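*Asks:* As input, take model-v3.cif (mmCIF, C-alpha atoms):
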```
data_structure
#
loop_
_atom_site.label_atom_id
_atom_site.label_comp_id
_atom_site.auth_asym_id
_atom_site.auth_seq_id
_atom_site.Cartn_x
_atom_site.Cartn_y
_atom_site.Cartn_z
CA MET A 1 -4.50 -3.11 -33.70
CA SER A 2 -6.21 -0.06 -35.17
CA ASP A 3 -4.64 3.40 -35.35
CA THR A 4 -7.41 4.87 -33.18
CA HIS A 5 -6.59 2.35 -30.45
CA HIS A 6 -2.89 3.19 -30.78
CA GLU A 7 -3.59 6.92 -30.42
CA ASP A 8 -5.86 6.22 -27.47
CA ILE A 9 -3.05 4.43 -25.60
CA GLN A 10 -0.62 7.23 -26.53
CA SER A 11 -2.92 9.77 -24.90
CA HIS A 12 -2.94 7.50 -21.81
CA VAL A 13 0.85 7.59 -21.80
CA LYS A 14 0.80 11.40 -21.71
CA THR A 15 -1.54 11.22 -18.71
CA TYR A 16 0.83 8.78 -16.96
CA ILE A 17 3.73 11.20 -17.37
CA MET A 18 1.66 14.05 -15.93
CA VAL A 19 0.55 11.90 -13.00
CA PHE A 20 4.18 10.96 -12.37
CA ALA A 21 5.14 14.66 -12.25
CA ALA A 22 2.27 15.37 -9.83
CA LEU A 23 3.31 12.48 -7.57
CA ALA A 24 6.95 13.63 -7.52
CA VAL A 25 5.89 17.20 -6.65
CA GLY A 26 3.52 15.83 -3.97
CA THR A 27 6.39 13.87 -2.39
CA ILE A 28 8.63 16.94 -2.23
CA VAL A 29 5.79 19.12 -0.89
CA THR A 30 4.94 16.66 1.89
CA VAL A 31 8.60 16.60 3.04
CA LEU A 32 8.84 20.41 2.92
CA ALA A 33 5.51 20.78 4.76
CA SER A 34 6.77 18.50 7.55
CA ASN A 35 9.63 20.97 8.13
CA LEU A 36 7.23 23.87 8.67
CA HIS A 37 6.39 22.70 12.23
CA LEU A 38 2.68 23.19 11.75
CA GLY A 39 1.81 21.62 15.08
CA ILE A 40 0.46 18.14 15.75
CA ILE A 41 -3.10 18.43 14.41
CA LEU A 42 -2.37 20.58 11.35
CA GLY A 43 0.82 18.60 10.63
CA ILE A 44 -1.13 15.33 10.57
CA ILE A 45 -3.96 16.82 8.47
CA VAL A 46 -1.57 18.27 5.84
CA ALA A 47 0.52 15.07 5.58
CA LEU A 48 -2.51 12.80 5.25
CA LEU A 49 -4.25 15.17 2.83
CA ILE A 50 -1.25 15.11 0.47
CA ALA A 51 -1.00 11.30 0.84
CA THR A 52 -4.71 10.98 0.00
CA VAL A 53 -4.34 13.12 -3.14
CA LYS A 54 -1.27 11.13 -4.23
CA SER A 55 -2.93 7.76 -3.62
CA SER A 56 -6.06 8.93 -5.48
CA LEU A 57 -3.87 9.73 -8.50
CA VAL A 58 -2.27 6.26 -8.35
CA ALA A 59 -5.62 4.48 -7.93
CA GLY A 60 -7.43 6.68 -10.45
CA PHE A 61 -4.95 6.66 -13.32
CA PHE A 62 -2.39 3.85 -12.85
CA MET A 63 -5.03 1.41 -11.58
CA HIS A 64 -7.57 2.76 -14.11
CA LEU A 65 -10.26 3.42 -11.50
CA VAL A 66 -11.39 6.59 -13.30
CA ALA A 67 -13.02 4.38 -15.92
CA GLU A 68 -13.68 0.96 -14.44
CA ARG A 69 -16.58 -1.48 -14.41
CA LYS A 70 -19.32 -1.10 -11.83
CA VAL A 71 -18.58 -4.39 -10.09
CA ILE A 72 -15.11 -3.10 -9.08
CA TYR A 73 -16.66 0.00 -7.50
CA TRP A 74 -19.04 -2.23 -5.54
CA VAL A 75 -16.16 -4.40 -4.32
CA LEU A 76 -14.30 -1.26 -3.21
CA ALA A 77 -17.39 0.22 -1.52
CA LEU A 78 -17.84 -3.01 0.44
CA THR A 79 -14.14 -3.02 1.37
CA ALA A 80 -14.37 0.60 2.53
CA THR A 81 -17.38 -0.25 4.72
CA PHE A 82 -15.58 -3.14 6.38
CA VAL A 83 -12.29 -1.34 6.86
CA VAL A 84 -14.07 1.64 8.46
CA ALA A 85 -16.03 -0.71 10.76
CA MET A 86 -12.83 -2.51 11.77
CA ALA A 87 -10.96 0.74 12.35
CA ALA A 88 -13.91 2.07 14.42
CA LEU A 89 -13.90 -1.04 16.65
CA ILE A 90 -10.15 -0.72 17.20
CA MET A 91 -10.41 3.01 17.95
CA LEU A 92 -13.31 2.48 20.35
CA SER A 93 -11.19 0.14 22.43
CA HIS A 94 -9.04 3.19 23.17
CA GLU A 95 -11.67 4.30 25.68
CA ASP A 96 -11.14 1.15 27.69
CA GLN A 97 -7.38 1.06 27.18
CA GLN A 98 -7.01 4.45 28.81
CA GLY A 99 -8.77 3.22 31.95
CA LYS A 100 -11.36 5.97 31.59
CA GLN A 101 -14.17 3.56 32.39
CA GLN A 102 -16.16 4.97 29.49
CA GLY A 103 -17.23 3.75 26.10
CA ILE A 104 -18.73 0.47 24.92
CA PHE A 105 -15.82 -1.65 26.18
CA ALA A 106 -15.71 -0.07 29.62
CA VAL A 107 -15.72 -2.22 32.73
CA PRO A 108 -17.42 -0.60 35.76
CA ALA A 109 -14.89 0.55 38.34
CA ALA A 110 -16.56 -1.52 41.09
CA ARG A 111 -16.21 -4.69 39.01
CA VAL A 112 -12.51 -3.99 38.36
CA GLN A 113 -11.97 -3.64 42.12
CA VAL A 114 -13.68 -6.98 42.86
CA GLN A 115 -11.66 -8.80 40.19
CA HIS A 116 -8.45 -7.35 41.61
CA GLU A 117 -9.28 -8.48 45.13
CA GLU A 118 -10.26 -11.96 43.96
CA LYS A 119 -6.93 -12.30 42.20
CA SER A 120 -4.90 -11.30 45.23
CA THR A 121 -6.92 -13.68 47.44
CA ASN A 122 -6.15 -16.53 45.05
CA ALA A 123 -2.48 -15.62 44.95
CA HIS A 124 -2.16 -15.79 48.75
CA PRO A 125 -4.57 -18.47 50.00
CA GLU A 126 -3.47 -18.27 53.66
CA MET B 1 -3.11 -28.28 -25.28
CA SER B 2 -5.36 -31.27 -25.70
CA GLY B 3 -7.10 -32.55 -22.62
CA ALA B 4 -6.39 -29.42 -20.55
CA ILE B 5 -9.37 -27.59 -19.14
CA GLU B 6 -9.48 -24.03 -20.43
CA ILE B 7 -10.18 -21.44 -17.74
CA PRO B 8 -12.87 -19.23 -19.27
CA TYR B 9 -12.76 -15.46 -19.71
CA ASN B 10 -9.01 -14.96 -19.32
CA SER B 11 -8.67 -13.11 -22.60
CA THR B 12 -12.20 -11.92 -23.19
CA GLU B 13 -14.60 -10.20 -20.84
CA ARG B 14 -17.27 -12.09 -18.96
CA PRO B 15 -20.66 -10.76 -20.13
CA ASP B 16 -22.14 -10.29 -16.62
CA THR B 17 -19.19 -8.57 -14.90
CA GLY B 18 -17.77 -6.89 -18.01
CA LEU B 19 -14.30 -7.98 -16.80
CA TYR B 20 -11.89 -10.80 -17.52
CA ASN B 21 -11.79 -13.13 -14.52
CA ALA B 22 -8.24 -12.40 -13.36
CA LYS B 23 -9.02 -8.71 -12.96
CA LEU B 24 -11.95 -9.30 -10.62
CA GLY B 25 -9.88 -11.89 -8.76
CA VAL B 26 -6.98 -9.49 -8.19
CA TRP B 27 -9.32 -6.71 -7.06
CA LEU B 28 -10.87 -9.09 -4.49
CA PHE B 29 -7.36 -10.00 -3.33
CA LEU B 30 -6.53 -6.29 -3.03
CA ALA B 31 -9.69 -5.86 -0.93
CA SER B 32 -8.23 -8.36 1.56
CA GLU B 33 -4.95 -6.45 1.45
CA VAL B 34 -6.79 -3.24 2.33
CA MET B 35 -8.13 -5.02 5.45
CA LEU B 36 -4.62 -6.24 6.37
CA PHE B 37 -2.96 -2.84 6.11
CA GLY B 38 -6.10 -1.13 7.44
CA ALA B 39 -5.73 -3.16 10.64
CA LEU B 40 -2.08 -2.11 10.97
CA PHE B 41 -2.82 1.58 10.39
CA SER B 42 -5.68 1.38 12.94
CA THR B 43 -3.24 -0.21 15.38
CA TYR B 44 -0.85 2.69 14.81
CA VAL B 45 -3.62 5.19 15.61
CA LEU B 46 -4.70 3.26 18.70
CA LEU B 47 -1.18 2.92 20.11
CA ARG B 48 -0.34 6.52 19.29
CA THR B 49 -3.45 7.98 20.90
CA GLY B 50 -3.03 5.65 23.88
CA SER B 51 0.54 6.79 24.59
CA GLU B 52 1.41 9.87 26.58
CA THR B 53 4.45 10.51 24.40
CA TRP B 54 5.20 9.62 20.78
CA GLU B 55 8.44 9.81 18.82
CA HIS B 56 8.91 12.10 15.84
CA GLY B 57 10.20 9.62 13.25
CA ALA B 58 12.30 12.26 11.45
CA GLU B 59 14.54 12.60 14.52
CA PHE B 60 16.03 9.11 14.15
CA LEU B 61 14.74 7.75 10.81
CA ASN B 62 16.45 8.72 7.56
CA VAL B 63 13.98 11.05 5.79
CA PRO B 64 16.20 11.78 2.72
CA LEU B 65 16.63 8.03 2.03
CA ALA B 66 12.90 7.43 2.52
CA THR B 67 12.11 10.33 0.16
CA ILE B 68 14.37 8.78 -2.48
CA ASN B 69 12.64 5.44 -1.89
CA THR B 70 9.24 7.08 -2.36
CA LEU B 71 10.39 8.51 -5.69
CA VAL B 72 11.84 5.12 -6.69
CA LEU B 73 8.50 3.42 -6.05
CA ILE B 74 6.62 6.14 -7.96
CA ILE B 75 8.99 5.69 -10.93
CA SER B 76 8.43 1.92 -10.72
CA SER B 77 4.68 2.48 -10.88
CA VAL B 78 5.11 4.57 -14.03
CA THR B 79 7.37 1.97 -15.68
CA MET B 80 4.90 -0.75 -14.68
CA VAL B 81 1.96 1.00 -16.35
CA MET B 82 4.19 1.80 -19.34
CA SER B 83 5.05 -1.89 -19.73
CA TRP B 84 1.31 -2.61 -20.05
CA ALA B 85 0.84 0.31 -22.46
CA SER B 86 3.77 -1.00 -24.56
CA LEU B 87 2.03 -4.36 -24.98
CA LYS B 88 -1.19 -2.56 -25.86
CA MET B 89 0.78 -0.85 -28.64
CA GLY B 90 2.24 -4.20 -29.70
CA SER B 91 5.85 -3.65 -28.64
CA LEU B 92 7.37 -6.55 -26.70
CA GLY B 93 10.80 -4.85 -26.83
CA LYS B 94 9.57 -1.79 -24.95
CA TYR B 95 7.66 -4.05 -22.56
CA LYS B 96 10.91 -5.83 -21.63
CA LEU B 97 12.63 -2.50 -21.06
CA TYR B 98 9.88 -1.06 -18.85
CA MET B 99 9.23 -4.27 -16.91
CA GLY B 100 12.98 -4.70 -16.37
CA SER B 101 13.10 -1.12 -15.03
CA THR B 102 10.21 -1.89 -12.67
CA ILE B 103 12.06 -4.91 -11.25
CA LEU B 104 15.24 -2.83 -10.94
CA CYS B 105 13.35 -0.09 -9.05
CA GLY B 106 11.98 -2.74 -6.68
CA ALA B 107 15.52 -3.97 -6.05
CA ILE B 108 16.80 -0.41 -5.45
CA PHE B 109 13.96 0.16 -2.98
CA LEU B 110 14.89 -3.00 -1.04
CA VAL B 111 18.62 -2.18 -1.01
CA ILE B 112 17.91 1.31 0.38
CA LYS B 113 15.53 -0.18 2.95
CA GLY B 114 18.24 -2.71 3.83
CA PHE B 115 20.70 0.14 4.51
CA GLU B 116 18.11 1.81 6.71
CA TYR B 117 17.45 -1.38 8.69
CA ALA B 118 21.20 -2.04 9.10
CA HIS B 119 21.72 1.48 10.44
CA LYS B 120 18.84 1.05 12.91
CA PHE B 121 20.33 -2.20 14.22
CA GLU B 122 23.81 -0.63 14.47
CA THR B 123 22.42 2.21 16.59
CA GLY B 124 20.56 -0.21 18.86
CA LEU B 125 17.07 0.35 17.48
CA PHE B 126 15.15 -2.92 17.38
CA PRO B 127 11.44 -3.83 17.28
CA SER B 128 11.63 -4.32 21.05
CA THR B 129 13.09 -0.83 21.63
CA SER B 130 9.76 1.02 21.68
CA THR B 131 6.16 0.82 20.51
CA PHE B 132 7.08 3.16 17.65
CA MET B 133 9.95 0.96 16.49
CA ALA B 134 7.78 -2.17 16.78
CA LEU B 135 5.25 -0.52 14.46
CA TYR B 136 8.00 0.76 12.16
CA PHE B 137 9.53 -2.68 11.65
CA THR B 138 6.17 -4.47 11.39
CA MET B 139 4.69 -2.08 8.83
CA THR B 140 7.78 -1.50 6.69
CA GLY B 141 8.73 -5.21 6.98
CA LEU B 142 5.33 -6.37 5.76
CA HIS B 143 5.47 -3.79 2.98
CA GLY B 144 8.97 -5.00 2.04
CA LEU B 145 7.66 -8.57 1.80
CA HIS B 146 5.00 -7.29 -0.59
CA VAL B 147 7.70 -5.66 -2.72
CA ILE B 148 9.61 -8.98 -2.82
CA GLY B 149 6.39 -10.83 -3.80
CA GLY B 150 5.72 -8.35 -6.60
CA MET B 151 9.29 -8.63 -7.85
CA ILE B 152 9.02 -12.44 -8.04
CA VAL B 153 5.82 -12.20 -10.12
CA ASN B 154 7.23 -9.41 -12.31
CA SER B 155 10.48 -11.33 -12.86
CA TYR B 156 8.51 -14.37 -14.02
CA LEU B 157 6.48 -12.19 -16.40
CA TRP B 158 9.67 -10.52 -17.67
CA GLY B 159 11.46 -13.85 -18.16
CA PRO B 160 9.87 -17.26 -18.81
CA GLY B 161 6.28 -15.98 -18.58
CA ARG B 162 6.59 -13.74 -21.62
CA LYS B 163 6.49 -16.63 -24.08
CA MET B 164 2.72 -16.36 -23.74
CA TRP B 165 2.97 -13.20 -25.87
CA LYS B 166 3.45 -15.44 -28.92
CA THR B 167 0.57 -17.80 -28.17
CA ASP B 168 -2.03 -15.53 -26.51
CA PRO B 169 -1.02 -11.84 -26.55
CA GLN B 170 -4.33 -10.59 -25.13
CA ARG B 171 -4.13 -12.88 -22.11
CA PHE B 172 -0.48 -11.91 -21.55
CA THR B 173 -1.39 -8.20 -21.70
CA ASN B 174 -4.13 -8.87 -19.14
CA ARG B 175 -1.61 -10.61 -16.88
CA ILE B 176 0.59 -7.52 -16.96
CA GLU B 177 -2.40 -5.33 -16.14
CA VAL B 178 -3.33 -7.33 -13.02
CA ALA B 179 0.31 -7.66 -11.91
CA GLY B 180 0.36 -3.86 -12.27
CA LEU B 181 -2.73 -3.47 -10.10
CA TYR B 182 -0.91 -5.28 -7.28
CA TRP B 183 2.29 -3.30 -7.82
CA HIS B 184 0.44 0.04 -7.75
CA PHE B 185 -1.29 -1.04 -4.54
CA VAL B 186 2.12 -1.68 -2.95
CA ASP B 187 3.14 1.84 -4.05
CA LEU B 188 -0.10 3.23 -2.64
CA VAL B 189 0.55 1.65 0.78
CA TRP B 190 4.02 3.23 0.85
CA ILE B 191 2.50 6.63 0.01
CA PHE B 192 0.72 6.42 3.39
CA LEU B 193 3.52 4.66 5.29
CA PHE B 194 6.08 7.33 4.42
CA PRO B 195 4.36 10.31 6.09
CA THR B 196 2.88 8.17 8.91
CA LEU B 197 6.22 6.80 10.10
CA TYR B 198 8.76 9.38 8.93
CA LEU B 199 7.04 12.74 8.92
CA LEU B 200 4.16 12.97 11.40
CA PRO B 201 5.05 15.11 14.43
CA GLY B 202 5.61 13.44 17.79
CA LYS B 203 3.91 14.37 21.03
#
```
Would it be possible to restate this file's structure as structure tokens?
*Replies:*
Amino acid sequence: MSDTHHEDIQSHVKTYIMVFAALAVGTIVTVLASNLHLGIILGIIVALLIATVKSSLVAGFFMHLVAERKVIYWVLALTATFVVAMAALIMLSHEDQQGKQQGIFAVPAARVQVQHEEKSTNAHPE
Amino acid sequence: MSGAIEIPYNSTERPDTGLYNAKLGVWLFLASEVMLFGALFSTYVLLRTGSETWEHGAEFLNVPLATINTLVLIISSVTMVMSWASLKMGSLGKYKLYMGSTILCGAIFLVIKGFEYAHKFETGLFPSTSTFMALYFTMTGLHGLHVIGGMIVNSYLWGPGRKMWKTDPQRFTNRIEVAGLYWHFVDLVWIFLFPTLYLLPGK
């Protein structure tokens, strides 16, 4: 193992220590921020923003994504596309779940009524 | 080993991908893990937005213990990456120390989580208690299983698995790197679980 390689890894180690410090500070900040009672929307935004920064540090430095091969980035881009599509489908079902009769999963109100009546007729045949 | 089929590109990089095979394999596995946890987080959002009221986790979950657990997992991520760096610098002794610390941190995390679960059960909070608690136990339970899985792999690599260092040090170093990728992912999931379940305001 060459000295240059050894020094290279030692500089990595320094980065890991700095990332650790940033993650620890981020953890404390997110707990303190949650005590500020920022309201629902701002509270969620702040908490998720800090979590995103922290996870980026983990992925970037501990998982070496800052300097990785192209094929890994492609795998991750594909994963991101699919996870967003899946999340979007799940979120869209919210429209139907709420009984708003809107959105791509909505069932027309008239149809819901008919189904309901059919069910009660079947339940009491006489 | 005569007669055994050698799996190619475990020590050296494959020319077309520029990676050793295990690394690409673990990243593909992590992609499936992203879908698994992505589905659970989407479920959380759906159930939360669909409810008229939502609990503020901090009111009945133990935030100080969870904060300590977050720090424990972060420390374990650092020791994990340091165990890989130690092998890169040729020190098996330091590797054993750092990998042992990583396993210990995993155990501390699970013990703390165990205390939290026990307290929930004592106070009558079960998965059937509410939608929030169902999500809490499902998400933290699945995460806990991932911690256990990682600890099993890390324990093997700390114990019997490390004899590979003598026969094929490069391949062993690569094994630690990919085990680390998984471990960091488990840490990354917790980084989102912690605020989502413990800190986000209710409604």
*Asks:* Report, in Å with one decimal, the straight-line distance from CA of Leu57 in chain A to CA of Val189 in chain B.
*Replies:*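 So the two atoms, CA of Leu57 in chain A and CA of Val189 in chain B, lie 13.1 Å apart.
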*Asks:* Rounded to one decimal place, report the CA of Ile75 in chain B-CA of Lys163 in chain B distance in Å.
*Replies:* 26.0 Å
*Asks:* Please check the contacts: residues of chain B at most 7 Å away from chain A, using only C-alpha atoms, listed as a list in words.
*Replies:*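 Residues satisfying the distance criterion: Thr17, Gly18, Ala31, Met35, Gly38, Ala39, Ser42, Leu46, Gly50, Leu71, Ile74, Val78, Val81, Ala85, Met89, Leu181, His184, Leu188, Ile191, Phe192, Pro195, Leu199, Leu200 and Pro201 of chain B.
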*Asks:* CA of Met80 in chain B and CA of Tyr98 in chain B are how many Å apart?
*Replies:*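 Pair CA of Met80 in chain B / CA of Tyr98 in chain B returns 6.5 Å.
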*Asks:* Set the distance at 12 Å and use only C-alpha atoms: which residues neighbour Phe60 in chain B once local chain neighbours fewer than 2 positions away are removed? I'd like the list as a PyMOL selection string.
*Replies:* chain B and resi 55-58+62-64+116-117+119-120+123-125+132-133+136+197-199+202
*Asks:* I need the output of the PyMOL selection byres ((chain B and resi 105-108) around 7) for this file as a list of chain:residue names; which residues are they?
*Replies:* B:Val72, B:Leu73, B:Ser76, B:Ser101, B:Thr102, B:Ile103, B:Leu104, B:Phe109, B:Leu110, B:Val111, B:Ile112, B:Val147, B:Met151
*Asks:* With all atoms listed in the file as the counted atoms, please give the residues lying no more than 9 Å from Leu157 in chain B, apart from itself and same-chain residues fewer than 4 positions off, as a PyMOL selection string.
*Replies:* chain B and resi 99+152-153+161-163+172+175-176+179
*Asks:* Would you compute an axis-aligned box for range 25-32 of chain A, covering every atom listed for it in the file with 3 Å of margin on each side, and report centre and edge lengths in Å to one decimal as JSON?
*Replies:*
```
{"center_x": 6.2, "center_y": 17.1, "center_z": -1.8, "size_x": 11.3, "size_y": 12.5, "size_z": 15.7}
```
*Asks:* Using only C-alpha atoms, find the one residue out of B:Gly100, B:Val178, B:Glu52, B:Thr79 that sits nearest to Leu28 in chain B.
*Replies:*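 Closest residue, counting only C-alpha atoms: B:Val178.
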